[in-house]
file input_39.tsv (TSV, C-alpha atoms)
chain	number	residue	atom	x	y	z
A	1	MET	CA	86.00	109.08	99.90
A	2	ILE	CA	88.48	107.75	102.49
A	3	ILE	CA	91.51	106.07	100.98
A	4	VAL	CA	94.31	104.13	102.64
A	5	GLY	CA	97.74	103.97	101.01
A	6	ILE	CA	100.13	101.33	102.29
A	7	ASP	CA	103.87	101.12	101.80
A	8	PRO	CA	104.44	97.56	103.04
A	9	GLY	CA	107.30	96.44	105.20
A	10	LEU	CA	108.41	96.90	108.77
A	11	LYS	CA	109.70	100.40	107.98
A	12	GLY	CA	106.79	101.27	105.73
A	13	GLY	CA	103.76	103.38	106.42
A	14	ILE	CA	100.00	103.59	106.37
A	15	ALA	CA	98.36	106.84	105.25
A	16	PHE	CA	94.72	107.88	105.21
A	17	LEU	CA	93.38	110.49	102.82
A	18	ASP	CA	89.96	112.05	102.36
A	19	ASN	CA	89.36	112.95	98.72
A	20	GLY	CA	93.10	113.33	98.16
A	21	ILE	CA	93.70	115.41	101.30
A	22	LEU	CA	96.03	113.77	103.78
A	23	LEU	CA	94.38	113.08	107.13
A	24	ASP	CA	97.35	111.35	108.75
A	25	ALA	CA	100.21	108.93	108.14
A	26	TYR	CA	101.53	106.34	110.56
A	27	PRO	CA	104.64	104.20	110.68
A	28	THR	CA	103.65	100.59	110.15
A	29	PRO	CA	102.84	99.23	113.64
A	30	VAL	CA	105.31	96.54	114.69
A	31	ILE	CA	105.94	94.39	117.74
A	32	GLU	CA	108.86	92.23	118.78
A	33	GLU	CA	108.61	88.47	118.90
A	34	LYS	CA	111.06	86.02	120.35
A	35	PHE	CA	112.39	83.16	118.26
A	36	THR	CA	115.06	80.53	118.60
A	37	LYS	CA	117.93	80.31	116.14
A	38	ASN	CA	120.78	77.84	116.59
A	39	GLY	CA	119.67	77.25	120.16
A	40	LYS	CA	119.75	80.97	121.05
A	41	ILE	CA	116.72	83.09	121.82
A	42	SER	CA	116.59	86.24	119.70
A	43	LYS	CA	114.06	88.94	118.91
A	44	ARG	CA	112.75	90.22	115.62
A	45	LYS	CA	110.10	92.70	114.57
A	46	ILE	CA	106.85	91.62	112.95
A	47	LEU	CA	103.70	93.49	111.95
A	48	ASP	CA	101.36	94.33	114.84
A	49	LEU	CA	98.25	92.99	113.15
A	50	GLN	CA	95.87	94.00	115.95
A	51	GLU	CA	97.11	97.61	115.84
A	52	ILE	CA	96.78	97.71	112.05
A	53	VAL	CA	93.20	96.44	112.31
A	54	LYS	CA	92.41	99.15	114.90
A	55	LEU	CA	93.84	101.82	112.58
A	56	MET	CA	91.81	100.55	109.64
A	57	LYS	CA	88.62	100.41	111.69
A	58	SER	CA	89.15	103.92	113.05
A	59	TYR	CA	89.32	105.43	109.53
A	60	ASN	CA	87.04	102.91	107.79
A	61	PRO	CA	88.52	103.44	104.30
A	62	ASP	CA	86.40	102.96	101.21
A	63	ILE	CA	89.33	101.66	99.17
A	64	GLY	CA	92.98	100.81	99.71
A	65	PHE	CA	96.07	100.97	97.55
A	66	LEU	CA	98.84	98.59	98.49
A	67	GLU	CA	102.21	98.66	96.82
A	68	ARG	CA	102.81	95.52	94.75
A	69	VAL	CA	106.15	94.14	95.81
A	70	ALA	CA	108.49	91.50	94.44
A	71	ALA	CA	111.74	89.85	95.42
A	72	ARG	CA	114.89	91.70	94.41
A	73	PRO	CA	118.26	90.17	93.56
A	74	GLY	CA	120.62	89.93	96.49
A	75	GLN	CA	117.96	89.69	99.18
A	76	GLY	CA	118.06	86.68	101.44
A	77	SER	CA	115.35	84.08	101.23
A	78	THR	CA	114.46	84.41	104.92
A	79	SER	CA	114.02	88.18	104.77
A	80	MET	CA	112.02	87.94	101.54
A	81	PHE	CA	109.81	85.24	103.04
A	82	ARG	CA	109.14	87.43	106.09
A	83	PHE	CA	108.48	90.47	103.88
A	84	GLY	CA	106.08	88.49	101.71
A	85	THR	CA	104.32	87.16	104.80
A	86	GLY	CA	103.74	90.71	106.04
A	87	TRP	CA	102.49	91.79	102.62
A	88	GLY	CA	100.02	88.91	102.62
A	89	GLU	CA	98.89	89.80	106.13
A	90	LEU	CA	98.12	93.35	104.99
A	91	ARG	CA	96.06	91.99	102.07
A	92	GLY	CA	94.28	89.66	104.47
A	93	ILE	CA	93.41	92.47	106.87
A	94	MET	CA	91.84	94.51	104.07
A	95	ALA	CA	89.94	91.51	102.76
A	96	ALA	CA	88.70	90.57	106.24
A	97	LEU	CA	87.53	94.15	106.86
A	98	ASP	CA	85.81	94.19	103.45
A	99	ILE	CA	88.00	97.02	102.17
A	100	LYS	CA	88.25	96.92	98.40
A	101	PHE	CA	91.89	97.30	97.44
A	102	GLU	CA	94.17	97.49	94.45
A	103	LEU	CA	97.81	96.53	94.06
A	104	VAL	CA	100.00	99.21	92.50
A	105	THR	CA	103.57	98.82	91.29
A	106	PRO	CA	106.07	101.38	92.57
A	107	GLN	CA	106.88	102.23	88.95
A	108	SER	CA	103.25	103.18	88.25
A	109	TRP	CA	102.73	105.64	91.07
A	110	LYS	CA	106.26	107.08	90.87
A	111	ARG	CA	105.93	107.62	87.11
A	112	HIS	CA	102.59	109.37	87.75
A	113	PHE	CA	104.32	111.85	90.08
A	114	GLN	CA	107.45	112.03	87.90
A	115	ILE	CA	109.79	111.00	90.68
A	116	LEU	CA	112.68	108.57	90.66
A	117	SER	CA	112.92	105.52	92.84
A	118	ASP	CA	114.93	107.66	95.28
A	119	LYS	CA	113.17	107.75	98.65
A	120	GLU	CA	114.32	111.35	99.23
A	121	ALA	CA	112.29	112.42	96.16
A	122	SER	CA	109.18	110.92	97.76
A	123	LEU	CA	109.83	112.84	100.97
A	124	GLU	CA	110.34	116.11	99.10
A	125	LEU	CA	107.12	115.72	97.13
A	126	ALA	CA	105.14	114.79	100.25
A	127	ARG	CA	106.50	117.90	101.99
A	128	GLU	CA	105.38	120.03	99.03
A	129	LEU	CA	101.91	118.49	98.82
A	130	TRP	CA	101.20	118.44	102.57
A	131	PRO	CA	103.31	121.13	104.28
A	132	ASP	CA	101.08	121.04	107.38
A	133	HIS	CA	102.13	117.41	107.94
A	134	THR	CA	105.86	117.89	107.36
A	135	GLN	CA	106.87	118.23	111.03
A	136	LYS	CA	104.90	115.20	112.17
A	137	CYS	CA	105.10	112.88	109.17
A	138	PHE	CA	107.85	113.83	106.73
A	139	ARG	CA	110.57	115.59	108.70
A	140	LEU	CA	113.22	112.87	108.83
A	141	LYS	CA	114.78	110.61	106.24
A	142	LYS	CA	113.40	107.59	108.13
A	143	HIS	CA	109.87	108.90	107.35
A	144	ASP	CA	110.16	107.85	103.71
A	145	GLY	CA	107.67	105.01	104.28
A	146	LEU	CA	105.06	107.51	105.46
A	147	ALA	CA	105.70	109.72	102.44
A	148	GLU	CA	105.41	106.78	100.06
A	149	ALA	CA	102.19	105.56	101.70
A	150	ALA	CA	100.67	109.04	101.40
A	151	LEU	CA	101.73	109.38	97.76
A	152	LEU	CA	100.39	105.92	96.98
A	153	GLY	CA	97.05	106.95	98.49
A	154	LYS	CA	97.02	110.18	96.48
A	155	TYR	CA	97.84	108.24	93.33
A	156	GLY	CA	94.96	105.88	94.09
A	157	PHE	CA	92.60	108.81	94.60
A	158	GLU	CA	93.66	110.48	91.35
A	159	MET	CA	93.29	107.23	89.40
A	160	THR	CA	89.87	106.57	90.99
A	161	VAL	CA	88.59	110.04	90.07
A	162	LYS	CA	89.67	109.55	86.44
A	163	ARG	CA	87.57	106.39	86.05

call {"tool": "encode", "arguments": {"input": "input_39.tsv", "output": "structure tokens"}}
result
Amino acid sequence: MIIVGIDPGLKGGIAFLDNGILLDAYPTPVIEEKFTKNGKISKRKILDLQEIVKLMKSYNPDIGFLERVAARPGQGSTSMFRFGTGWGELRGIMAALDIKFELVTPQSWKRHFQILSDKEASLELARELWPDHTQKCFRLKKHDGLAEAALLGKYGFEMTVKR
């Protein structure tokens, strides 16, 4: 059973597992778009939807597990709107590709693995579970999105097997 775990966001990750064994994890594909703000042209990153679709088609997952996200106090409305848009785009891609998916709260999968909300804890656990992928996927602190996507996929697999 091929599973995709997705840690949403521009610095998130997409991981593919086969029966709980990590195949690979990728940083969320992004591209830059130009926009105008106060008469000035600027750039910002957005999800590269075409690249995400290609990734999904290449692994053809049976089921996906997407982290359920919510607004947090102190975050700006513009950034939360953009984050929510990206989250919806990821849901839309899975629906359009007919990939059954479930939304999972961070608290659920982190409690399952007995880790705190600390991103370093996710990296450490991913390194333990998949040492062969450490150099490529989990070596640096900035790879926390890949680790969380992989752990989310493993959580999904373990919950699916229990049913």

call {"tool": "atom_distance", "arguments": {"input": "input_39.tsv", "atom1": "atom CA of A:Lys45", "atom2": "atom CA of A:Ile63"}}
result
27.4 Å

call {"tool": "residues_near_point", "arguments": {"input": "input_39.tsv", "point": "(104.5, 104.7, 92.8)", "cutoff": "10 Å", "atoms": "all atoms listed in the file", "output": "PyMOL selection string"}}
result
chain A and resi 7+67-68+104-117+122+148-149+151-156

call {"tool": "residues_around", "arguments": {"input": "input_39.tsv", "residues": "A:Leu10", "least_positions_apart": "4", "cutoff": "10 Å", "atoms": "only C-alpha atoms", "output": "list in words"}}
result
Pro27, Thr28, Pro29, Val30, Ile31, Lys45, Ile46, Leu47, Asp48, Arg82, Phe83, Gly86, Trp87 and Gly145 of chain A

call {"tool": "closest_residue", "arguments": {"input": "input_39.tsv", "among": "A:Gly20, A:Gly12, A:Ile99, A:Ile41", "to": "A:Leu129", "atoms": "all atoms listed in the file"}}
result
A:Gly20

call {"tool": "closest_residue", "arguments": {"input": "input_39.tsv", "among": "A:Leu90, A:Ala96, A:Met80, A:Ala15", "to": "A:Cys137", "atoms": "all atoms listed in the file"}}
result
A:Ala15

call {"tool": "residues_near_point", "arguments": {"input": "input_39.tsv", "point": "(87.1, 105.2, 104.0)", "cutoff": "6 Å", "atoms": "only C-alpha atoms", "output": "list in words"}}
result
Met1, Ile2, Ile3, Tyr59, Asn60, Pro61 and Asp62 of chain A

call {"tool": "write_last_selection", "arguments": {"input": "input_39.tsv", "atoms": "C-alpha atoms", "output": "mmCIF file, in the frame of the given file"}}
result
data_model
loop_
_atom_site.group_PDB
_atom_site.id
_atom_site.type_symbol
_atom_site.label_atom_id
_atom_site.label_comp_id
_atom_site.auth_asym_id
_atom_site.auth_seq_id
_atom_site.Cartn_x
_atom_site.Cartn_y
_atom_site.Cartn_z
ATOM 1 C CA MET A 1 86.000 109.080 99.900
ATOM 2 C CA ILE A 2 88.480 107.750 102.490
ATOM 3 C CA ILE A 3 91.510 106.070 100.980
ATOM 4 C CA TYR A 59 89.320 105.430 109.530
ATOM 5 C CA ASN A 60 87.040 102.910 107.790
ATOM 6 C CA PRO A 61 88.520 103.440 104.300
ATOM 7 C CA ASP A 62 86.400 102.960 101.210
#

call {"tool": "atom_distance", "arguments": {"input": "input_39.tsv", "atom1": "atom CA of A:His143", "atom2": "atom CA of A:Gly74"}}
result
24.4 Å

call {"tool": "atom_distance", "arguments": {"input": "input_39.tsv", "atom1": "atom CA of A:Asp24", "atom2": "atom CA of A:Val161"}}
result
20.7 Å

call {"tool": "closest_residue", "arguments": {"input": "input_39.tsv", "among": "A:Arg127, A:Ser77, A:His133, A:Leu97", "to": "A:Lys54", "atoms": "all atoms listed in the file"}}
result
A:Leu97
